[in-house]
file start.cif (mmCIF, C-alpha atoms, pLDDT in the B column; chains and numbers go by the auth columns)
data_target
#
loop_
_atom_site.group_PDB
_atom_site.id
_atom_site.type_symbol
_atom_site.label_atom_id
_atom_site.label_comp_id
_atom_site.label_asym_id
_atom_site.label_seq_id
_atom_site.Cartn_x
_atom_site.Cartn_y
_atom_site.Cartn_z
_atom_site.B_iso_or_equiv
_atom_site.auth_seq_id
_atom_site.auth_asym_id
ATOM 1 C CA MET A 1 13.157 22.910 -16.001 59.00 3 A
ATOM 2 C CA PRO A 2 16.472 22.964 -17.807 62.00 4 A
ATOM 3 C CA ASN A 3 19.282 24.823 -16.077 66.00 5 A
ATOM 4 C CA CYS A 4 17.464 25.130 -12.741 73.00 6 A
ATOM 5 C CA PRO A 5 20.249 24.503 -10.215 72.00 7 A
ATOM 6 C CA ASN A 6 17.947 23.826 -7.248 79.00 8 A
ATOM 7 C CA VAL A 7 16.055 20.939 -8.823 85.00 9 A
ATOM 8 C CA THR A 8 17.011 17.628 -7.228 90.00 10 A
ATOM 9 C CA VAL A 9 16.758 14.047 -8.398 93.00 11 A
ATOM 10 C CA ASN A 10 14.075 13.468 -5.744 94.00 12 A
ATOM 11 C CA GLY A 11 12.096 16.426 -7.084 94.00 13 A
ATOM 12 C CA LEU A 12 12.336 15.084 -10.641 95.00 14 A
ATOM 13 C CA LEU A 13 11.234 11.645 -9.441 96.00 15 A
ATOM 14 C CA LYS A 14 8.122 13.206 -7.911 95.00 16 A
ATOM 15 C CA LEU A 15 7.383 15.094 -11.121 94.00 17 A
ATOM 16 C CA ALA A 16 7.927 12.013 -13.293 96.00 18 A
ATOM 17 C CA ARG A 17 5.473 10.069 -11.110 96.00 19 A
ATOM 18 C CA SER A 18 2.875 12.822 -11.324 93.00 20 A
ATOM 19 C CA GLY A 19 -0.392 11.816 -12.889 90.00 21 A
ATOM 20 C CA SER A 20 -0.742 15.048 -14.846 94.00 22 A
ATOM 21 C CA LEU A 21 2.480 15.467 -16.855 95.00 23 A
ATOM 22 C CA GLU A 22 2.770 14.197 -20.419 97.00 24 A
ATOM 23 C CA SER A 23 6.300 15.519 -20.986 97.00 25 A
ATOM 24 C CA LEU A 24 9.204 16.524 -18.789 95.00 26 A
ATOM 25 C CA GLY A 25 12.353 18.473 -19.604 93.00 27 A
ATOM 26 C CA PHE A 26 15.314 18.864 -17.280 92.00 28 A
ATOM 27 C CA SER A 27 19.079 19.307 -17.166 89.00 29 A
ATOM 28 C CA ALA A 28 21.095 16.205 -16.381 87.00 30 A
ATOM 29 C CA GLY A 29 23.625 18.329 -14.499 82.00 31 A
ATOM 30 C CA LYS A 30 25.544 16.122 -12.087 83.00 32 A
ATOM 31 C CA MET A 31 23.153 13.194 -12.287 89.00 33 A
ATOM 32 C CA THR A 32 24.449 9.700 -12.738 91.00 34 A
ATOM 33 C CA GLN A 33 23.368 7.014 -15.164 94.00 35 A
ATOM 34 C CA SER A 34 21.519 5.399 -12.271 96.00 36 A
ATOM 35 C CA ASP A 35 19.631 8.630 -11.493 96.00 37 A
ATOM 36 C CA LEU A 36 18.466 8.946 -15.100 96.00 38 A
ATOM 37 C CA ILE A 37 17.407 5.292 -15.307 97.00 39 A
ATOM 38 C CA GLN A 38 15.474 5.689 -12.057 97.00 40 A
ATOM 39 C CA ILE A 39 13.629 8.778 -13.325 97.00 41 A
ATOM 40 C CA ILE A 40 12.762 7.037 -16.586 97.00 42 A
ATOM 41 C CA SER A 41 11.766 3.710 -15.050 97.00 43 A
ATOM 42 C CA THR A 42 9.489 5.196 -12.378 95.00 44 A
ATOM 43 C CA ALA A 43 7.664 7.595 -14.713 97.00 45 A
ATOM 44 C CA ALA A 44 3.880 7.557 -14.683 97.00 46 A
ATOM 45 C CA PRO A 45 2.199 5.850 -17.668 96.00 47 A
ATOM 46 C CA GLN A 46 1.011 9.055 -19.366 97.00 48 A
ATOM 47 C CA LEU A 47 4.523 10.572 -19.430 97.00 49 A
ATOM 48 C CA GLY A 48 5.400 10.050 -23.071 97.00 50 A
ATOM 49 C CA ARG A 49 8.362 12.358 -23.619 97.00 51 A
ATOM 50 C CA MET A 50 11.510 13.396 -21.771 97.00 52 A
ATOM 51 C CA ASP A 51 13.909 16.071 -22.946 95.00 53 A
ATOM 52 C CA ILE A 52 17.261 15.818 -21.183 93.00 54 A
ATOM 53 C CA ASP A 53 19.553 18.822 -21.435 89.00 55 A
ATOM 54 C CA MET A 54 23.004 17.258 -21.821 86.00 56 A
ATOM 55 C CA ASP A 55 26.313 18.469 -20.482 74.00 57 A
ATOM 56 C CA GLY A 56 29.362 17.566 -22.553 71.00 58 A
ATOM 57 C CA ALA A 57 31.245 16.047 -19.620 74.00 59 A
ATOM 58 C CA LEU A 58 28.266 13.955 -18.539 79.00 60 A
ATOM 59 C CA GLU A 59 27.612 12.535 -22.002 81.00 61 A
ATOM 60 C CA GLY A 60 30.897 10.626 -21.996 82.00 62 A
ATOM 61 C CA ASN A 61 29.782 8.757 -18.868 87.00 63 A
ATOM 62 C CA LEU A 62 26.334 7.698 -20.072 91.00 64 A
ATOM 63 C CA ASP A 63 25.291 4.366 -21.523 94.00 65 A
ATOM 64 C CA PHE A 64 22.894 5.571 -24.221 93.00 66 A
ATOM 65 C CA PRO A 65 21.656 2.105 -25.234 96.00 67 A
ATOM 66 C CA ALA A 66 20.646 1.446 -21.598 97.00 68 A
ATOM 67 C CA LEU A 67 18.814 4.789 -21.446 96.00 69 A
ATOM 68 C CA ARG A 68 17.052 4.001 -24.723 96.00 70 A
ATOM 69 C CA ASN A 69 16.016 0.565 -23.459 97.00 71 A
ATOM 70 C CA ALA A 70 14.639 1.995 -20.209 97.00 72 A
ATOM 71 C CA ALA A 71 12.673 4.600 -22.166 97.00 73 A
ATOM 72 C CA LYS A 72 11.397 2.021 -24.653 97.00 74 A
ATOM 73 C CA ALA A 73 10.142 -0.187 -21.811 97.00 75 A
ATOM 74 C CA LYS A 74 8.084 2.761 -20.512 97.00 76 A
ATOM 75 C CA LYS A 75 7.035 3.927 -23.995 97.00 77 A
ATOM 76 C CA ILE A 76 8.784 7.256 -23.485 98.00 78 A
ATOM 77 C CA ARG A 77 10.282 9.188 -26.389 97.00 79 A
ATOM 78 C CA LEU A 78 13.660 10.301 -25.099 96.00 80 A
ATOM 79 C CA PHE A 79 15.351 13.398 -26.503 95.00 81 A
ATOM 80 C CA ALA A 80 18.770 14.915 -25.913 92.00 82 A
ATOM 81 C CA VAL A 81 19.054 18.691 -25.892 90.00 83 A
ATOM 82 C CA ARG A 82 22.484 20.011 -26.811 85.00 84 A
ATOM 83 C CA HIS A 83 23.142 23.706 -27.322 81.00 85 A
ATOM 84 C CA ARG A 84 19.388 24.323 -27.768 76.00 86 A
ATOM 85 C CA ASN A 85 19.138 21.622 -30.445 82.00 87 A
ATOM 86 C CA CYS A 86 16.867 18.695 -29.723 83.00 88 A
ATOM 87 C CA SER A 87 17.394 15.220 -31.195 84.00 89 A
ATOM 88 C CA LEU A 88 15.999 11.773 -30.524 87.00 90 A
ATOM 89 C CA LEU A 89 18.330 9.943 -28.155 83.00 91 A
#

call {"tool": "encode", "arguments": {"input": "start.cif", "output": "structure tokens"}}
result
Amino acid sequence: MPNCPNVTVNGLLKLARSGSLESLGFSAGKMTQSDLIQIISTAAPQLGRMDIDMDGALEGNLDFPALRNAAKAKKIRLFAVRHRNCSLL
């Protein structure tokens, strides 16, 4: 759901907790570090991949090692999408 302006953090939390999704892609938009950690840490066990569409301004405010650690704890492969290029975070 990258670049969908009406998607909220609460909506993404519900999707991440869903028992049927194996991957989830979304735009970080105006989310905070805390929002991203919460989405990652509450993900259902079968969710194995997250693609986060990054915004240049947001990236400077993120603690990437903390995001990686949260993802590792949940066994989620975390990817950053920048200008339609995807790379392991």

call {"tool": "residues_around", "arguments": {"input": "start.cif", "residues": "A:Asp37", "least_positions_apart": "6", "cutoff": "12 Å", "atoms": "only C-alpha atoms", "output": "ChimeraX atom specification"}}
result
/A:10-15,30-31,43-44,64,69

call {"tool": "write_last_selection", "arguments": {"input": "start.cif", "atoms": "C-alpha atoms", "output": "tab-separated table (two decimals), in the frame of the given file"}}
result
chain	number	residue	atom	x	y	z
A	10	THR	CA	17.01	17.63	-7.23
A	11	VAL	CA	16.76	14.05	-8.40
A	12	ASN	CA	14.08	13.47	-5.74
A	13	GLY	CA	12.10	16.43	-7.08
A	14	LEU	CA	12.34	15.08	-10.64
A	15	LEU	CA	11.23	11.64	-9.44
A	30	ALA	CA	21.10	16.20	-16.38
A	31	GLY	CA	23.62	18.33	-14.50
A	43	SER	CA	11.77	3.71	-15.05
A	44	THR	CA	9.49	5.20	-12.38
A	64	LEU	CA	26.33	7.70	-20.07
A	69	LEU	CA	18.81	4.79	-21.45

call {"tool": "atom_distance", "arguments": {"input": "start.cif", "atom1": "atom CA of A:Lys76", "atom2": "atom CA of A:Arg51"}}
result
10.1 Å

call {"tool": "residues_around", "arguments": {"input": "start.cif", "residues": "A:Phe81", "least_positions_apart": "5", "cutoff": "10 Å", "atoms": "only C-alpha atoms", "output": "PyMOL selection string"}}
result
chain A and resi 27+51-56+70+87-91

call {"tool": "atom_distance", "arguments": {"input": "start.cif", "atom1": "atom CA of A:Ile39", "atom2": "atom CA of A:Ala73"}}
result
8.4 Å

call {"tool": "atom_distance", "arguments": {"input": "start.cif", "atom1": "atom CA of A:Gly21", "atom2": "atom CA of A:Ala46"}}
result
6.3 Å

call {"tool": "resolve_selection", "arguments": {"input": "start.cif", "expression": "the PyMOL selection byres ((chain A and resi 49) around 6)", "output": "PyMOL selection string"}}
result
chain A and resi 23-25+46-48+50-51

call {"tool": "residues_around", "arguments": {"input": "start.cif", "residues": "A:Asn63", "least_positions_apart": "5", "cutoff": "10 Å", "atoms": "only C-alpha atoms", "output": "short mmCIF file (atom, residue, chain, number, x, y, z; two decimals) with C-alpha atoms, in the frame of the given file"}}
result
data_model
loop_
_atom_site.label_atom_id
_atom_site.label_comp_id
_atom_site.auth_asym_id
_atom_site.auth_seq_id
_atom_site.Cartn_x
_atom_site.Cartn_y
_atom_site.Cartn_z
CA THR A 34 24.45 9.70 -12.74
CA GLN A 35 23.37 7.01 -15.16
CA GLY A 58 29.36 17.57 -22.55
#

call {"tool": "closest_residue", "arguments": {"input": "start.cif", "among": "A:Val9, A:Met33, A:Leu38, A:Ala18", "to": "A:Ala68", "atoms": "all atoms listed in the file"}}
result
A:Leu38

call {"tool": "closest_residue", "arguments": {"input": "start.cif", "among": "A:Ala72, A:Ser29, A:Gly62, A:Pro67", "to": "A:Arg84", "atoms": "only C-alpha atoms"}}
result
A:Ser29

call {"tool": "axis_aligned_box", "arguments": {"input": "start.cif", "around": "stretch 18-33 of chain A", "padding_each_side": "3 Å", "output": "JSON"}}
result
{"center_x": 12.4, "center_y": 14.7, "center_z": -16.0, "size_x": 32.3, "size_y": 15.2, "size_z": 15.9}

call {"tool": "closest_residue", "arguments": {"input": "start.cif", "among": "A:Cys6, A:Asp65, A:Lys74, A:Ala82", "to": "A:Ile42", "atoms": "all atoms listed in the file"}}
result
A:Lys74
